[in-house]
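Raw entry_19.txt, compact mmCIF, C-alpha atoms and all ligand atoms:
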# COMPACT_ATOMS: atom_id res chain seq x y z
CA MET A 1 98.40 186.77 64.94
CA PRO A 2 95.79 185.97 67.56
CA GLU A 3 93.97 188.97 68.94
CA ASP A 4 91.45 189.59 71.65
CA PRO A 5 88.39 187.74 70.41
CA HIS A 6 86.05 189.70 72.67
CA SER A 7 86.71 192.81 70.62
CA LEU A 8 84.76 191.41 67.68
CA VAL A 9 81.40 191.24 69.38
CA ALA A 10 80.10 194.51 67.93
CA SER A 11 81.29 193.72 64.41
CA TYR A 12 79.54 190.38 64.79
CA ALA A 13 76.30 192.04 65.90
CA LEU A 14 76.52 194.24 62.80
CA ASP A 15 77.13 191.24 60.49
CA ALA A 16 80.39 192.93 59.53
CA LEU A 17 82.71 189.95 59.80
CA ASP A 18 83.85 187.91 56.84
CA GLU A 19 83.16 184.19 56.80
CA ARG A 20 86.33 183.09 58.47
CA GLU A 21 86.23 185.75 61.18
CA GLU A 22 82.62 184.92 61.82
CA LYS A 23 83.23 181.19 62.23
CA GLU A 24 86.06 181.89 64.63
CA PHE A 25 84.01 184.31 66.63
CA GLU A 26 81.14 181.84 66.88
CA GLN A 27 83.53 179.27 68.28
CA HIS A 28 84.53 181.83 70.85
CA LEU A 29 80.95 182.78 71.56
CA ALA A 30 80.03 179.23 72.45
CA LEU A 31 82.50 179.34 75.30
CA CYS A 32 82.37 182.97 76.37
CA GLU A 33 79.47 184.00 78.53
CA ARG A 34 80.67 187.57 78.70
CA CYS A 35 80.39 187.94 74.93
CA ARG A 36 76.98 186.31 74.86
CA GLU A 37 75.73 188.78 77.42
CA GLU A 38 77.23 191.72 75.61
CA LEU A 39 75.90 190.47 72.31
CA ALA A 40 72.34 190.47 73.62
CA GLY A 41 72.45 194.22 74.22
CA LEU A 42 74.37 195.03 71.06
CA ARG A 43 71.89 193.08 69.00
CA GLU A 44 69.09 195.21 70.33
CA ALA A 45 71.04 198.25 69.23
CA ALA A 46 71.66 196.76 65.80
CA ALA A 47 67.97 195.95 65.45
CA ALA A 48 67.26 199.56 66.31
CA LEU A 49 69.40 200.50 63.30
CA ALA A 50 67.07 198.30 61.26
CA VAL A 51 64.13 200.33 62.45
CA GLY A 52 66.12 203.46 61.63
CA ALA A 53 66.09 202.62 57.91
CA PRO A 54 63.31 204.26 55.91
CA PRO A 55 60.31 201.95 55.88
CA ALA A 56 59.00 200.60 52.61
CA LYS A 57 55.80 198.97 51.63
CA PRO A 58 56.21 195.44 50.36
CA THR A 59 53.74 194.10 47.85
CA LEU A 60 50.76 192.08 48.95
CA GLU A 61 52.04 189.22 46.82
CA LEU A 62 55.07 188.91 49.08
CA ARG A 63 52.86 188.41 52.12
CA GLN A 64 50.87 185.78 50.29
CA ARG A 65 53.99 184.03 49.03
CA ILE A 66 55.44 183.77 52.52
CA LEU A 67 52.22 182.43 54.00
CA ASP A 68 51.68 179.93 51.18
CA GLN A 69 55.18 178.61 51.50
CA ALA A 70 54.89 178.37 55.28
CA ARG A 71 51.62 176.44 55.04
CA SER A 72 53.03 174.03 52.51
CA GLU A 73 56.00 173.36 54.75
CA ARG A 74 53.84 172.72 57.75
CA GLN A 75 52.65 169.48 56.23
CA ASN A 76 56.12 168.26 55.48
CA VAL A 77 58.28 169.74 58.11
CA VAL A 78 56.54 169.09 61.36
CA PRO A 79 56.98 165.32 61.53
CA LEU A 80 60.65 165.73 60.70
CA ARG A 81 61.21 168.37 63.32
CA ARG A 82 64.13 167.61 65.46
CA PRO A 83 63.32 166.32 68.90
CA ARG A 84 62.62 168.94 71.52
CA ARG A 85 64.57 167.24 74.23
CA TRP A 86 67.87 168.59 73.03
CA THR A 87 69.82 170.02 75.84
CA PRO A 88 70.54 173.67 75.16
CA VAL A 89 74.21 173.04 74.62
CA LEU A 90 73.54 170.22 72.23
CA ALA A 91 71.30 172.48 70.24
CA ALA A 92 74.01 175.07 70.27
CA THR A 93 76.92 172.89 69.35
CA THR A 94 75.12 171.28 66.47
CA ALA A 95 73.92 174.66 65.43
CA ILE A 96 77.39 176.12 65.43
CA ALA A 97 78.28 173.78 62.68
CA ALA A 98 74.96 173.69 60.96
CA ALA A 99 71.48 175.15 61.15
CA ALA A 100 70.11 177.98 63.25
CA ALA A 101 72.48 178.20 66.17
CA ILE A 102 70.27 179.96 68.49
CA VAL A 103 70.90 179.07 72.08
CA LEU A 104 74.49 180.15 72.34
CA GLY A 105 73.79 183.34 70.52
CA ILE A 106 74.23 182.38 66.90
CA TRP A 107 70.92 183.42 65.49
CA ALA A 108 71.19 183.86 61.85
CA THR A 109 74.19 182.37 60.17
CA SER A 110 74.24 179.28 58.07
CA LEU A 111 70.57 179.24 57.23
CA ASP A 112 71.64 177.25 54.22
CA ASN A 113 72.64 173.67 54.68
CA SER A 114 76.34 173.54 54.50
CA ASN A 115 78.21 170.44 53.53
CA ASP A 116 79.58 169.81 56.96
CA PRO A 117 79.38 166.24 58.23
CA LEU A 118 77.03 167.06 61.05
CA GLU A 119 74.43 168.57 58.81
CA SER A 120 74.76 165.73 56.35
CA VAL A 121 73.82 163.24 59.06
CA LEU A 122 71.09 165.42 60.53
CA SER A 123 69.49 166.08 57.18
CA LYS A 124 68.63 162.41 56.72
CA PRO A 125 65.10 161.45 57.69
CA GLY A 126 65.14 159.32 60.80
CA SER A 127 68.35 160.82 62.15
CA LYS A 128 68.54 161.42 65.88
CA LEU A 129 70.43 163.58 68.25
CA VAL A 130 71.57 161.96 71.46
CA SER A 131 72.72 164.16 74.29
CA MET A 132 76.14 163.70 75.86
CA GLY A 133 75.48 165.98 78.79
CA HIS A 134 76.70 169.52 78.84
CA TYR A 135 79.59 168.81 76.48
CA GLY A 136 77.27 168.39 73.51
CA GLY A 137 76.00 165.32 71.77
CA VAL A 138 76.13 162.89 68.92
CA ALA A 139 74.06 162.89 65.74
CA VAL A 140 73.22 159.39 64.53
CA GLY A 141 71.91 158.70 61.03
CA PRO A 142 69.49 155.89 60.17
CA ASP A 143 72.43 153.97 58.68
CA GLY A 144 74.40 154.21 61.93
CA GLN A 145 76.72 156.92 60.61
CA ALA A 146 77.43 159.23 63.50
CA VAL A 147 79.07 162.59 64.15
CA LEU A 148 80.10 164.03 67.51
CA ALA A 149 79.66 167.70 68.30
CA LEU A 150 81.51 168.36 71.52
CA ALA A 151 82.74 171.48 73.22
CA VAL A 152 85.90 170.11 74.80
CA PRO A 153 89.19 171.94 75.30
CA PRO A 154 92.26 170.84 73.38
CA ALA A 155 93.58 167.55 74.82
CA PRO A 156 96.60 167.89 77.12
CA ALA A 157 100.07 167.39 75.63
CA SER A 158 100.83 163.74 74.79
CA LYS A 159 97.16 162.84 75.24
CA THR A 160 94.36 162.35 72.77
CA TYR A 161 90.62 161.99 72.92
CA GLU A 162 89.34 158.63 71.81
CA ALA A 163 85.75 157.89 70.81
CA TRP A 164 84.17 154.52 71.53
CA VAL A 165 81.08 152.72 70.45
CA ILE A 166 79.96 150.56 73.36
CA ARG A 167 77.53 147.74 72.79
CA ALA A 168 76.68 144.92 75.20
CA GLY A 169 79.57 145.89 77.42
CA LYS A 170 82.10 145.78 74.59
CA ALA A 171 83.96 148.97 73.59
CA THR A 172 85.10 149.37 69.99
CA PRO A 173 87.60 152.16 69.18
CA ALA A 174 85.88 154.71 66.94
CA GLY A 175 88.43 157.39 66.23
CA LEU A 176 90.91 159.82 67.78
CA PHE A 177 90.70 163.59 67.95
CA SER A 178 92.63 166.30 69.68
CA GLY A 179 89.93 168.81 70.62
CA ARG A 180 90.07 172.53 69.91
CA PRO A 181 88.74 175.78 71.25
CA GLY A 182 85.05 175.90 70.45
CA THR A 183 83.27 172.86 69.16
CA SER A 184 84.92 169.76 67.77
CA ILE A 185 82.97 168.07 65.00
CA VAL A 186 84.21 164.49 64.71
CA LYS A 187 83.02 161.65 62.54
CA VAL A 188 82.60 158.43 64.49
CA SER A 189 84.53 155.85 62.49
CA LYS A 190 82.34 152.86 63.46
CA PRO A 191 78.61 152.55 62.88
CA VAL A 192 76.43 153.28 65.88
CA GLY A 193 73.55 150.83 66.03
CA ALA A 194 70.45 150.67 68.20
CA GLY A 195 71.28 149.96 71.82
CA SER A 196 74.80 151.36 71.51
CA VAL A 197 76.32 154.07 73.63
CA VAL A 198 78.97 156.50 72.39
CA ALA A 199 81.70 157.47 74.83
CA VAL A 200 84.88 159.55 74.86
CA THR A 201 87.95 158.97 77.02
CA VAL A 202 91.31 160.67 77.35
CA GLU A 203 94.07 158.30 76.20
CA PRO A 204 97.84 158.46 75.64
CA SER A 205 98.80 159.81 72.19
CA GLY A 206 98.17 157.23 69.53
CA GLY A 207 95.09 155.92 71.30
CA SER A 208 94.40 152.66 73.09
CA PRO A 209 92.76 149.41 71.97
CA GLN A 210 90.54 149.51 75.05
CA PRO A 211 89.63 152.46 77.29
CA THR A 212 92.24 153.04 80.02
CA SER A 213 90.16 155.62 81.85
CA LYS A 214 86.58 156.23 82.71
CA PRO A 215 84.64 157.93 79.90
CA PHE A 216 84.17 161.59 80.74
CA VAL A 217 81.60 161.98 78.00
CA LEU A 218 78.89 159.38 77.57
CA SER A 219 75.79 159.39 75.44
CA GLY A 220 72.45 157.93 76.30
CA ALA A 221 71.62 154.67 74.55
CA VAL A 222 70.80 155.14 70.87
CA SER A 223 67.27 153.95 70.20
CA MET B 1 38.39 180.99 62.40
CA ASP B 2 38.83 184.67 63.16
CA ARG B 3 40.99 185.46 66.12
CA ASP B 4 42.24 188.71 67.45
CA LEU B 5 45.98 188.46 67.95
CA ALA B 6 46.47 192.21 68.10
CA HIS B 7 46.51 192.39 71.89
CA LEU B 8 49.28 189.80 72.24
CA THR B 9 52.92 190.75 72.72
CA ASP B 10 55.32 189.96 69.90
CA GLU B 11 56.75 187.16 71.99
CA ALA B 12 53.33 185.64 72.61
CA VAL B 13 52.62 185.73 68.90
CA LEU B 14 55.97 184.11 68.26
CA SER B 15 55.16 181.27 70.62
CA LEU B 16 52.08 180.59 68.49
CA VAL B 17 54.28 180.60 65.41
CA ALA B 18 56.39 177.96 67.15
CA GLU B 19 53.30 175.79 67.18
CA SER B 20 52.95 176.21 63.43
CA ASP B 21 50.12 178.72 63.68
CA ASP B 22 50.10 180.46 60.30
CA GLU B 23 47.76 183.25 61.41
CA ALA B 24 50.35 184.15 64.00
CA LEU B 25 53.01 184.27 61.29
CA ALA B 26 50.77 186.63 59.33
CA GLU B 27 50.40 188.79 62.42
CA LEU B 28 54.18 189.02 62.89
CA TYR B 29 54.58 189.86 59.25
CA ASP B 30 51.99 192.60 59.53
CA ARG B 31 53.85 194.04 62.49
CA PHE B 32 57.36 193.95 61.06
CA GLY B 33 57.08 193.43 57.31
CA GLY B 34 57.38 197.15 56.59
CA VAL B 35 60.50 197.61 58.69
CA ALA B 36 61.95 194.38 57.34
CA TYR B 37 61.38 195.33 53.74
CA GLY B 38 62.66 198.85 54.28
CA LEU B 39 65.86 197.46 55.75
CA ALA B 40 66.32 194.89 52.99
CA LEU B 41 65.70 197.52 50.33
CA ARG B 42 68.16 199.91 51.90
CA ILE B 43 70.85 197.22 51.84
CA LEU B 44 70.05 195.58 48.52
CA ARG B 45 68.61 198.50 46.54
CA ASP B 46 66.68 196.05 44.44
CA GLU B 47 63.03 195.24 45.03
CA SER B 48 63.16 191.66 43.95
CA LEU B 49 66.23 190.81 46.00
CA ALA B 50 64.78 192.63 48.98
CA GLN B 51 61.62 190.53 48.71
CA ASP B 52 63.72 187.38 48.63
CA ALA B 53 65.57 188.43 51.76
CA VAL B 54 62.35 189.18 53.63
CA GLN B 55 60.78 185.93 52.51
CA GLU B 56 63.75 183.84 53.57
CA ALA B 57 63.92 185.56 56.92
CA PHE B 58 60.25 185.04 57.73
CA LEU B 59 60.47 181.43 56.66
CA ALA B 60 63.44 181.01 58.96
CA VAL B 61 61.25 182.43 61.72
CA TRP B 62 58.59 179.88 60.83
CA ARG B 63 61.05 177.00 60.85
CA THR B 64 63.00 177.81 63.97
CA ALA B 65 60.66 179.76 66.26
CA ASP B 66 60.45 176.85 68.67
CA ARG B 67 64.19 176.90 69.14
CA PHE B 68 64.32 180.65 69.53
CA LEU B 69 61.74 180.81 72.31
CA ALA B 70 64.18 179.66 74.96
CA GLU B 71 66.30 182.71 74.26
CA ARG B 72 64.05 185.12 76.10
CA ALA B 73 65.12 187.88 73.79
CA ARG B 74 62.82 190.24 71.98
CA ALA B 75 61.09 188.70 69.00
CA SER B 76 61.54 191.86 66.93
CA THR B 77 65.29 191.79 67.52
CA TRP B 78 65.50 188.25 66.27
CA ILE B 79 63.35 188.85 63.21
CA LEU B 80 65.30 191.94 62.18
CA THR B 81 68.58 190.14 62.80
CA LEU B 82 67.48 187.45 60.37
CA VAL B 83 66.38 189.97 57.77
CA HIS B 84 69.66 191.82 58.04
CA ARG B 85 71.64 188.64 57.76
CA ARG B 86 69.85 187.44 54.63
CA SER B 87 70.16 190.85 53.04
CA VAL B 88 73.87 190.99 53.75
CA ASP B 89 74.34 187.48 52.37
CA LEU B 90 72.60 188.50 49.17
CA VAL B 91 74.39 191.82 48.74
CA ARG B 92 77.74 190.15 49.22
CA ARG B 93 76.98 187.96 46.27
CA GLN B 94 76.44 191.01 44.09
CA GLU B 95 80.10 191.35 43.32
CA GLN B 96 79.74 194.18 40.88
CA ARG B 97 77.73 196.34 43.23
CA ARG B 98 80.36 195.94 45.87
CA GLY B 99 82.91 197.75 43.76
CA GLU B 100 80.76 200.84 43.48
CA PRO B 101 82.04 203.91 45.24
CA LEU B 102 80.20 204.48 48.48
CA GLU B 103 79.05 207.94 47.49
CA SER B 104 76.98 206.68 44.62
CA ALA B 105 74.74 204.54 46.79
CA PRO B 106 71.26 205.67 45.86
CA GLU B 107 68.70 206.08 48.58
CA PRO B 108 65.75 203.77 48.19
CA VAL B 109 62.68 205.37 46.73
CA ALA B 110 60.58 206.74 49.55
CA SER B 111 57.49 204.63 49.72
CA GLU B 112 54.02 206.00 49.74
CA GLN B 113 52.41 205.97 53.15
CA VAL B 114 53.57 202.82 54.85
CA GLU B 115 51.09 201.82 57.48
CA GLU B 116 52.94 201.08 60.63
CA GLN B 117 52.46 201.12 64.31
CA ALA B 118 52.95 204.45 66.01
CA ALA B 119 55.47 202.75 68.30
CA ILE B 120 57.70 201.90 65.36
CA ARG B 121 57.51 205.39 63.94
CA PHE B 122 58.44 206.77 67.33
CA GLN B 123 61.30 204.35 67.63
CA ARG B 124 62.64 205.42 64.25
CA GLN B 125 62.79 209.03 65.37
CA VAL B 126 64.61 208.07 68.54
CA VAL B 127 67.15 205.99 66.62
CA GLN B 128 67.81 208.70 64.08
CA GLU B 129 68.27 211.23 66.85
CA ALA B 130 70.65 208.90 68.69
CA LEU B 131 72.68 208.39 65.52
CA ARG B 132 73.04 212.13 65.14
CA GLN B 133 74.57 212.28 68.59
CA LEU B 134 77.38 209.88 67.71
CA PRO B 135 80.75 211.22 66.61
CA PRO B 136 80.74 211.25 62.79
CA ASP B 137 83.41 208.59 62.37
CA GLN B 138 81.52 206.16 64.58
CA ARG B 139 78.25 206.89 62.86
CA GLU B 140 79.91 206.32 59.50
CA ALA B 141 81.31 202.96 60.60
CA LEU B 142 77.91 201.82 61.82
CA GLU B 143 76.05 203.02 58.78
CA LEU B 144 78.47 201.64 56.23
CA GLY B 145 78.81 198.39 58.12
CA TYR B 146 75.16 197.87 58.80
CA TYR B 147 73.39 199.41 55.81
CA ALA B 148 75.96 198.81 53.10
CA GLY B 149 76.76 195.28 54.19
CA LEU B 150 80.53 195.86 54.14
CA THR B 151 82.79 193.76 56.32
CA GLN B 152 85.07 195.54 58.71
CA SER B 153 88.06 194.70 56.49
CA GLU B 154 86.38 196.08 53.38
CA LEU B 155 85.45 199.17 55.28
CA ALA B 156 89.01 199.63 56.46
CA GLU B 157 90.20 199.41 52.90
CA ARG B 158 87.57 201.77 51.53
CA LEU B 159 88.19 204.36 54.19
CA GLY B 160 91.96 203.92 54.16
CA GLN B 161 92.05 203.24 57.88
CA PRO B 162 93.70 200.46 59.88
CA LEU B 163 91.42 197.53 60.63
CA GLY B 164 91.84 198.07 64.35
CA THR B 165 90.50 201.60 64.01
CA ILE B 166 87.38 200.42 62.20
CA LYS B 167 86.83 197.67 64.73
CA SER B 168 87.01 200.03 67.62
CA ARG B 169 84.73 202.56 65.91
CA MET B 170 82.16 199.85 65.42
CA PHE B 171 82.51 198.70 69.00
CA THR B 172 82.41 202.14 70.56
CA GLY B 173 79.70 203.34 68.20
CA LEU B 174 77.36 200.43 68.78
CA THR B 175 77.92 200.41 72.53
CA ARG B 176 77.21 204.11 72.62
CA LEU B 177 74.13 203.75 70.51
CA ARG B 178 72.88 201.09 72.88
CA ASP B 179 73.39 203.41 75.84
CA LEU B 180 71.78 206.39 74.11
CA LEU B 181 68.74 204.29 73.26
CA ALA B 182 68.50 203.09 76.83
CA GLN B 183 68.63 206.68 78.06
CA ALA B 184 65.91 207.64 75.65
CA GLY B 185 63.73 205.06 77.35
CA LEU B 186 63.33 203.19 74.13
CA GLU B 187 63.45 199.86 75.81
CA GLU B 188 60.44 200.56 77.98
CA SER B 189 58.44 202.03 75.18
CA LEU B 190 58.91 198.93 73.09
CA ARG B 191 57.68 196.45 75.63
ZN ZN A 301 84.37 186.82 74.70
Transcribe the structure of this file into structure tokens.
Amino acid sequence: MPEDPHSLVASYALDALDEREEKEFEQHLALCERCREELAGLREAAAALAVGAPPAKPTLELRQRILDQARSERQNVVPLRRPRRWTPVLAATTAIAAAAAIVLGIWATSLDNSNDPLESVLSKPGSKLVSMGHYGGVAVGPDGQAVLALAVPPAPASKTYEAWVIRAGKATPAGLFSGRPGTSIVKVSKPVGAGSVVAVTVEPSGGSPQPTSKPFVLSGAVS
Amino acid sequence: MDRDLAHLTDEAVLSLVAESDDEALAELYDRFGGVAYGLALRILRDESLAQDAVQEAFLAVWRTADRFLAERARASTWILTLVHRRSVDLVRRQEQRRGEPLESAPEPVASEQVEEQAAIRFQRQVVQEALRQLPPDQREALELGYYAGLTQSELAERLGQPLGTIKSRMFTGLTRLRDLLAQAGLEESLR
């Protein structure tokens, strides 16, 4: 039975939700400014609880281990760092599904790579993220495999969202999806090559062979 | 290359970490490593697991500091959130420990003089005092949720209370704690 999602913000700040509850709350968080604001203050209080625990002295080896590991990663990680020109929402929507989901308030979950499609594209060297404005963006792998991460509401009754890969003025249908509260993660069913643009339109149920409306979500050109 | 980072705010040090400055990471560790390890040990009650949690959290700081900077939140809050999260992840994998009755949870061994900033020691006193001012059932929900790593559903089951009751104790308790800390002027003193 659905309940007031706002009421979970404190349990979330305390890391006291189970996996499913947490995922659902994070979906809510991405769309609820009120909860993000409240979370900021509650997190400070939770961090104060951390300080309230008796302190303990870690070994010197631990300090060394952390610094050694960090230095060794610097060589490898920096060139692969994801581009900085992510829009905040793109960072957030991708993060909701995958890595550190910081901007919309998801700070700490999913530090591990999960096996979600978005992370599997983003983890490939040479993958890119292309913004699609404030709705989110599209992750494109070096092989042209692409995954959309879009915060769009559920499509209206008897309508569907349709993704398109547009190249040289020609639109190819690339999959239907219905949208959902939170972020929709959608595999693009056609490869997205250099010079292509990914777009989303609203179409009658069942989809259309060619767009019947203006794309309301459009990516920049994939380089 | 000897630099003095001590006069920088936590956030300024973090922005150096975001530029892959390892001395800055060392500085952050020196500021919060003791609190971080104390928290991890309290949750995990195992030195080796607690070290793992602290290590993973600081490496997450290293890897994602550039993305965190835009948040304009306190660096210490973020770091301790990460430490808590990793500790809870690890403790939830210790299935057997989770079945233990709550009463038998041993306190971590008090460590010999931990060197820490006076500000942190002061903050600890304020937090402990604020916790004492909470109604016992709210304090219990916060402590068992936060330090024992139990989910709200597990807590409801352990305490034989409806889930809704536990949820609202957590909400009211944490909101109240936040307000008590604000009254105590903790926020200013930490800047
Ligand atoms: Zn909300």
For range 18-20 of chain B, work out the shell of residues within 9 Å, counting all atoms listed in the file and skipping chain neighbours fewer than 3 positions away, then give it as a compact mmCIF listing (two decimals) with C-alpha atoms, keeping the file's coordinate frame.
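Output below, filename around11.txt:
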# COMPACT_ATOMS: atom_id res chain seq x y z
CA ALA A 70 54.89 178.37 55.28
CA ARG A 71 51.62 176.44 55.04
CA ARG A 74 53.84 172.72 57.75
CA VAL A 78 56.54 169.09 61.36
CA VAL B 13 52.62 185.73 68.90
CA LEU B 14 55.97 184.11 68.26
CA SER B 15 55.16 181.27 70.62
CA GLU B 23 47.76 183.25 61.41
CA ALA B 24 50.35 184.15 64.00
CA LEU B 25 53.01 184.27 61.29
CA VAL B 61 61.25 182.43 61.72
CA TRP B 62 58.59 179.88 60.83
CA ARG B 63 61.05 177.00 60.85
CA THR B 64 63.00 177.81 63.97
CA ALA B 65 60.66 179.76 66.26
CA ASP B 66 60.45 176.85 68.67
CA ARG B 67 64.19 176.90 69.14
CA PHE B 68 64.32 180.65 69.53
CA LEU B 69 61.74 180.81 72.31
Could you work out which residues of chain B fall inside 6 Å of chain A? Count all atoms listed in the file, and format the result as a list in words.
Gly34, Val35, Tyr37, Gly38, Leu39, Gln55, Thr77, Leu80, Leu82, Ser111, Val114, Arg124, Val127, Gly145, Tyr146, Thr151, Gln152, Phe171 and Arg178 of chain B
Could you give me the residues within 9 Å of ligand ZN 301 (chain A), counting only C-alpha atoms and all ligand atoms, as a PDB file with C-alpha atoms, keeping the file's coordinate frame?
ATOM      1  CA  ASP A   4      91.450 189.590  71.650  1.00  0.00           C
ATOM      2  CA  PRO A   5      88.390 187.740  70.410  1.00  0.00           C
ATOM      3  CA  HIS A   6      86.050 189.700  72.670  1.00  0.00           C
ATOM      4  CA  SER A   7      86.710 192.810  70.620  1.00  0.00           C
ATOM      5  CA  LEU A   8      84.760 191.410  67.680  1.00  0.00           C
ATOM      6  CA  VAL A   9      81.400 191.240  69.380  1.00  0.00           C
ATOM      7  CA  PHE A  25      84.010 184.310  66.630  1.00  0.00           C
ATOM      8  CA  HIS A  28      84.530 181.830  70.850  1.00  0.00           C
ATOM      9  CA  LEU A  29      80.950 182.780  71.560  1.00  0.00           C
ATOM     10  CA  LEU A  31      82.500 179.340  75.300  1.00  0.00           C
ATOM     11  CA  CYS A  32      82.370 182.970  76.370  1.00  0.00           C
ATOM     12  CA  GLU A  33      79.470 184.000  78.530  1.00  0.00           C
ATOM     13  CA  ARG A  34      80.670 187.570  78.700  1.00  0.00           C
ATOM     14  CA  CYS A  35      80.390 187.940  74.930  1.00  0.00           C
ATOM     15  CA  ARG A  36      76.980 186.310  74.860  1.00  0.00           C
ATOM     16  CA  GLU A  38      77.230 191.720  75.610  1.00  0.00           C
TER      17      GLU A  38
END
Using all atoms listed in the file, the shortest atom-to-atom distance to Arg92 in chain B among B:Ala118, B:Leu150, B:Glu11, B:Leu181 belongs to B:Leu150
Using only C-alpha atoms, the shortest atom-to-atom distance to Val165 in chain A among A:Val217, A:Ser127, A:Leu60, A:Glu203 belongs to A:Val217
Please measure the separation of CA of Leu90 in chain B and CA of Arg20 in chain A, giving the value in Å to one decimal.
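Interatomic distance, CA of Leu90 in chain B to CA of Arg20 in chain A: 17.4 Å.
One distance worth recording is that between CA of Phe216 in chain A and CA of Val140 in chain A, which is 19.7 Å.
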Work out how far apart CA of Ser158 in chain A and CA of Pro204 in chain A are and give it in Å to one decimal.
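Computing the Euclidean distance for CA of Ser158 in chain A and CA of Pro204 in chain A yields 6.1 Å.
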Residues proximal to (95.4, 153.1, 81.0) were defined as those with any atom within 10 Å of that point in the file's coordinates, counting all atoms listed in the file. Which are they, as a list in words?
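With a cut-off of 10 Å, the residues come to Val202, Glu203, Pro204, Ser208, Gln210, Pro211, Thr212, Ser213 and Lys214 of chain A.
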Nearest to Val83 in chain B among B:Leu44, B:Ala36, B:Ala148, B:Ala60, with distances taken over all atoms listed in the file: which residue is it?
B:Ala36
Nearest to Arg85 in chain B, restricted to all atoms listed in the file and choosing among B:Leu159, B:Ala130, B:Ala57, B:Leu5, comes out as B:Ala57
Output as AutoDock Vina command-line options the centre and edge lengths (Å, one decimal) of the box along x, y and z of the file that holds every listed atom of range 63-67 of chain B after adding 3 Å on each side.
--center_x 62.3 --center_y 178.3 --center_z 65.0 --size_x 9.7 --size_y 8.9 --size_z 14.3
With distances taken over only C-alpha atoms, which residue among B:Asp52, B:Glu129, B:Asp30, B:Asp46 lies nearest Asp10 in chain B?
B:Asp30
All residues 7 Å or closer to Gln145 in chain A, all atoms listed in the file, same chain fewer than 3 positions away omitted, as a PyMOL selection string
chain A and resi 140-141+191-192
Nearest to Pro117 in chain A among A:Ser184, A:Gln27, A:Ser219, A:Ser196, with distances taken over all atoms listed in the file: which residue is it?
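Of A:Ser184, A:Gln27, A:Ser219, A:Ser196, the one nearest Pro117 in chain A is A:Ser184, counting all atoms listed in the file.
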Generate the coordinates of N, CA, C and O atoms for range 40-50 of chain A; report them as a PDB file, in the coordinates of the input.
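Output contents, as saved in result_24.pdb:
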ATOM      1  N   ALA A  40      73.789 190.276  73.487  1.00  0.00           N
ATOM      2  CA  ALA A  40      72.340 190.470  73.620  1.00  0.00           C
ATOM      3  C   ALA A  40      71.988 191.955  73.524  1.00  0.00           C
ATOM      4  O   ALA A  40      71.084 192.347  72.789  1.00  0.00           O
ATOM      5  N   GLY A  41      72.728 192.786  74.247  1.00  0.00           N
ATOM      6  CA  GLY A  41      72.450 194.220  74.220  1.00  0.00           C
ATOM      7  C   GLY A  41      72.814 194.860  72.888  1.00  0.00           C
ATOM      8  O   GLY A  41      72.102 195.723  72.371  1.00  0.00           O
ATOM      9  N   LEU A  42      73.936 194.424  72.314  1.00  0.00           N
ATOM     10  CA  LEU A  42      74.370 195.030  71.060  1.00  0.00           C
ATOM     11  C   LEU A  42      73.434 194.648  69.912  1.00  0.00           C
ATOM     12  O   LEU A  42      73.243 195.406  68.963  1.00  0.00           O
ATOM     13  N   ARG A  43      72.858 193.476  70.017  1.00  0.00           N
ATOM     14  CA  ARG A  43      71.890 193.080  69.000  1.00  0.00           C
ATOM     15  C   ARG A  43      70.642 193.940  69.022  1.00  0.00           C
ATOM     16  O   ARG A  43      70.068 194.252  67.988  1.00  0.00           O
ATOM     17  N   GLU A  44      70.237 194.314  70.233  1.00  0.00           N
ATOM     18  CA  GLU A  44      69.090 195.210  70.330  1.00  0.00           C
ATOM     19  C   GLU A  44      69.424 196.529  69.630  1.00  0.00           C
ATOM     20  O   GLU A  44      68.597 197.094  68.933  1.00  0.00           O
ATOM     21  N   ALA A  45      70.642 196.994  69.855  1.00  0.00           N
ATOM     22  CA  ALA A  45      71.040 198.250  69.230  1.00  0.00           C
ATOM     23  C   ALA A  45      71.101 198.109  67.708  1.00  0.00           C
ATOM     24  O   ALA A  45      70.685 199.001  66.969  1.00  0.00           O
ATOM     25  N   ALA A  46      71.608 196.977  67.243  1.00  0.00           N
ATOM     26  CA  ALA A  46      71.660 196.760  65.800  1.00  0.00           C
ATOM     27  C   ALA A  46      70.250 196.681  65.220  1.00  0.00           C
ATOM     28  O   ALA A  46      69.972 197.233  64.149  1.00  0.00           O
ATOM     29  N   ALA A  47      69.341 196.028  65.947  1.00  0.00           N
ATOM     30  CA  ALA A  47      67.970 195.950  65.450  1.00  0.00           C
ATOM     31  C   ALA A  47      67.326 197.336  65.430  1.00  0.00           C
ATOM     32  O   ALA A  47      66.483 197.628  64.583  1.00  0.00           O
ATOM     33  N   ALA A  48      67.769 198.188  66.352  1.00  0.00           N
ATOM     34  CA  ALA A  48      67.260 199.560  66.310  1.00  0.00           C
ATOM     35  C   ALA A  48      67.720 200.253  65.030  1.00  0.00           C
ATOM     36  O   ALA A  48      66.980 201.033  64.434  1.00  0.00           O
ATOM     37  N   LEU A  49      68.949 199.952  64.586  1.00  0.00           N
ATOM     38  CA  LEU A  49      69.400 200.500  63.300  1.00  0.00           C
ATOM     39  C   LEU A  49      68.480 200.034  62.174  1.00  0.00           C
ATOM     40  O   LEU A  49      68.229 200.767  61.218  1.00  0.00           O
ATOM     41  N   ALA A  50      67.995 198.812  62.280  1.00  0.00           N
ATOM     42  CA  ALA A  50      67.070 198.300  61.260  1.00  0.00           C
ATOM     43  C   ALA A  50      65.826 199.164  61.216  1.00  0.00           C
ATOM     44  O   ALA A  50      65.350 199.551  60.151  1.00  0.00           O
TER      45      ALA A  50
END
